[in-house]
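Contents: one structure, followed by commentary.
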Amino acid sequence: MEPEREREEEPAIESPPEGSTCAEHSDRPALVICPRCGSFACLSCWHGALRRCHACVVRHPAPAVPWEDPSRGLVSRFVGTIGDAGSPVLTAPSFRADGTGRALLFFLLTFVPLAAISGIVPYTAHLLFGSSFAVQTQGDPTDEAIAYDVARAAGLGVIVGLGQWLALALPFVSLSNAFAEKGHPDAPMRAMLYRGWLLALFFLAQWAVPLAMPGGAGGAGALFAMLVSMVPFVLLLSTMRATTRMGSGVGALTALLTIAVPFAMMVGASYFLERGVRVIVPELGQLEEQQRVEAEREAAREGQRDPSSTTPPTGEAAGPPTIEAPSAPEAPAPTEGAPSEAAPSEGAPSEAAPSEAPPPEVAPAEPAPTTATP
């Protein structure tokens with residue numbers, strides 16, 4: 001309540017006189033007057049969510065991360081750090097501190113379990129997950145085979161998740177420190193360690209939320225599942241941008257670059273990691289092909305059972321039924337070395353059909369004899 005009361009008592013934000021320049025950057029026009037110190041701040045130096053200029057943020061840091069607060073109990077510290085992820089902008093200045101040891105411990109306690117769970121659904125070869133969390137076994141595996149399959153999938157989930165986190169965190173930390181003007185060098189890494197579990201939760205939500213939807217949810221359910229699964233990733237990107245702004249002192253436009261490049265690298269790393277998993281577990285490709293065939297068969301059965309369907313399966317327009325005249329049966333082809341039934345044998349009388357009887361032969365007329373006259 002005290003920060004809210006203090007914010008309500010702050011004076012209104014005023015605009016600087018026309019032609020004023022920033023107190024930190026003389027070549028940039030001033031945007032606002034900081035209500036705390038009264039100095040002119042440009043777009044890069046102004047933090048609207050905190051109503052402070054960057055000099056005030058550095059001069060008066062935010063409270064420590066709850067996980068590092070010795071006055072709290074273990075559960076309170078853990079829950080408080082998880083809850084701070086919902087306010088990425090307001091809690092970003094708390095990452096301006098020395099050391100990453102306790103942040104690494106929090107990362108191992110949160111990221112690893114979520115990453116292991118997120119790998120069970122996509123990387124199991126003996127279990128098939130359906131809507132409403134329905135589980136079916138593929139083939140006739142033993143209990144030991146299922147346990148090994150689940151353990152292997154969890155391990156692959158940790159490996160893939162850690163690779164994606166490294167592809168996102170390393171370029172972010174490098175770019176933030178490269179463009180930092182008045183920032184703390186440990187702030188970007190501390191942010192990625194304390195908020196890395198959001199990335200693992202994003203991977204888990206991509207599989208868990210669609211499975212939680214009922215079977216007949218349709219397109220609206222798929223859209224809802226996609227939007228819900230994107231929430232952790234949006235919070236992570238917001239934390240990264242706020243940290244590189246308030247923790248590293250990067251400008252507003254440059255902060256977008258420090259997020260776009262790591263995001264592109266993570267997407268590329270995800271592609272190669274998924275291909276590597278298919279090489280390690282080749283039966284996953286066979287399972288996907290089997291599921292595709294079963295889905296096509298099920299769609300064909302649904303189309304046959306639907307009496308209201310008027311569109312033929314081939315996609316052509318349906319017309320009136322046509323009645324074709326029955327065709328005469330074809331005579332079997334004669335085999336080599338066997339007498340043909342169509343040709344009569346030598347010396348045997350041939351039987352011709354009445355309609356095919358040949359016309360009677362007509363003998364040529366003999367010429368009449370002529371008599372010679374003397």
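Letters A, B, ... mark the chains of the structure tokens in the order given; residue numbers begin at 1 per chain; ligand numbers begin at 1, in order shown.
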_Sel. of helix (DSSP H, G or I) residues, range 58-113 of chain A, as a PyMOL selection string_ = chain A and resi 58-59+66-68+74-84+92-95+101-113
*Contacts of range 263-271 of chain A within 6 Å, only C-alpha atoms, excl. fewer than 3 positions in-chain, as an MDAnalysis selection string*: chainID A and resid 164 167:168 260 274
Could you write out that same residue set with C-alpha atoms as a short mmCIF file (atom, residue, chain, number, x, y, z; two decimals), in the first residue's frame?
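The new file selection_38.cif reads:
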```
data_model
loop_
_atom_site.label_atom_id
_atom_site.label_comp_id
_atom_site.auth_asym_id
_atom_site.auth_seq_id
_atom_site.Cartn_x
_atom_site.Cartn_y
_atom_site.Cartn_z
CA GLN A 164 16.10 -23.47 -26.54
CA ALA A 167 19.60 -20.01 -27.73
CA LEU A 168 17.38 -17.29 -26.25
CA ALA A 260 14.11 -9.91 -31.91
CA GLU A 274 13.42 -31.36 -33.11
#
```
*Compile the contact shell of His47 in chain A as a ChimeraX atom specification: residues with an atom at most 10 Å away, counting only C-alpha atoms, same-chain residues fewer than 6 positions apart removed.*
/A:34,41,53-54,56-57,89,242,245-246,252
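You can rank A:Pro66, A:Gly247, A:Pro17, A:Gly139 by their closest distance to Gly83 in chain A using only C-alpha atoms, and at the top of that list sits A:Pro66.
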_Using DSSP assignments from the backbone, pull out every residue in range 76-303 of chain A that falls under strand (DSSP E) and give it to me as JSON, numbers by chain._
{"A": [127, 128, 129, 135, 136, 137]}
_as number ranges by chain, please: the residues near Trp165 in chain A (cut-off 10 Å, only C-alpha atoms, same-chain neighbours under 6 positions excluded)._
A: 111, 159, 192-193, 196-197, 199-200, 262, 266, 269-270
Using only C-alpha atoms, please write the residues we just selected to a file, as a PDB file, in the first residue's frame.
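Contents of out_38.pdb, freshly written:
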```
ATOM      1  CA  PHE A 111      12.829 -24.860 -15.139  1.00  0.00           C
ATOM      2  CA  ILE A 159      17.656 -31.362 -23.216  1.00  0.00           C
ATOM      3  CA  MET A 192      16.692 -15.096 -17.635  1.00  0.00           C
ATOM      4  CA  LEU A 193      17.415 -17.344 -14.638  1.00  0.00           C
ATOM      5  CA  GLY A 196      13.369 -19.057 -17.395  1.00  0.00           C
ATOM      6  CA  TRP A 197      10.538 -21.220 -16.053  1.00  0.00           C
ATOM      7  CA  LEU A 199       9.787 -20.623 -21.306  1.00  0.00           C
ATOM      8  CA  ALA A 200       9.363 -24.186 -19.998  1.00  0.00           C
ATOM      9  CA  PRO A 262      17.403 -13.936 -29.644  1.00  0.00           C
ATOM     10  CA  MET A 266      15.604 -19.708 -30.593  1.00  0.00           C
ATOM     11  CA  ALA A 269      17.570 -23.827 -32.674  1.00  0.00           C
ATOM     12  CA  SER A 270      14.138 -25.374 -32.055  1.00  0.00           C
TER      13      SER A 270
END
```
*Residue with smallest distance to Phe272 in chain A - pool A:Val32, A:Leu105, A:Gly163, A:Met240, counting only C-alpha atoms*: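 Closest residue, counting only C-alpha atoms: A:Gly163.
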Give me, as JSON lines, the closest atom pair and its distance (Å, one decimal) for every residue of range 87-146 of chain A within a cut-off of 12 Å of range 76-79 of chain A, counting only C-alpha atoms, rows sorted by chain and rising number.
```
{"residue": "A:Arg102", "atom": "CA", "partner": "A:Phe78", "partner_atom": "CA", "distance": 11.7}
{"residue": "A:Ala103", "atom": "CA", "partner": "A:Phe78", "partner_atom": "CA", "distance": 11.5}
{"residue": "A:Leu105", "atom": "CA", "partner": "A:Phe78", "partner_atom": "CA", "distance": 11.3}
{"residue": "A:Phe106", "atom": "CA", "partner": "A:Phe78", "partner_atom": "CA", "distance": 8.3}
{"residue": "A:Phe107", "atom": "CA", "partner": "A:Phe78", "partner_atom": "CA", "distance": 11.3}
{"residue": "A:Leu109", "atom": "CA", "partner": "A:Phe78", "partner_atom": "CA", "distance": 9.8}
{"residue": "A:Thr110", "atom": "CA", "partner": "A:Phe78", "partner_atom": "CA", "distance": 9.7}
```
*Of the listed residues A:Glu68, A:Gly119, A:Val75, A:Ala153, that which approaches Ile280 in chain A most closely, counting only C-alpha atoms*: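 Closest to Ile280 in chain A of all the choices is A:Ala153.
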*Select, from A:Pro210, A:Gly249, A:Pro282, A:Gly155, the residue with the minimum atom-to-atom distance to Ala178 in chain A, counting only C-alpha atoms.*
A:Gly249
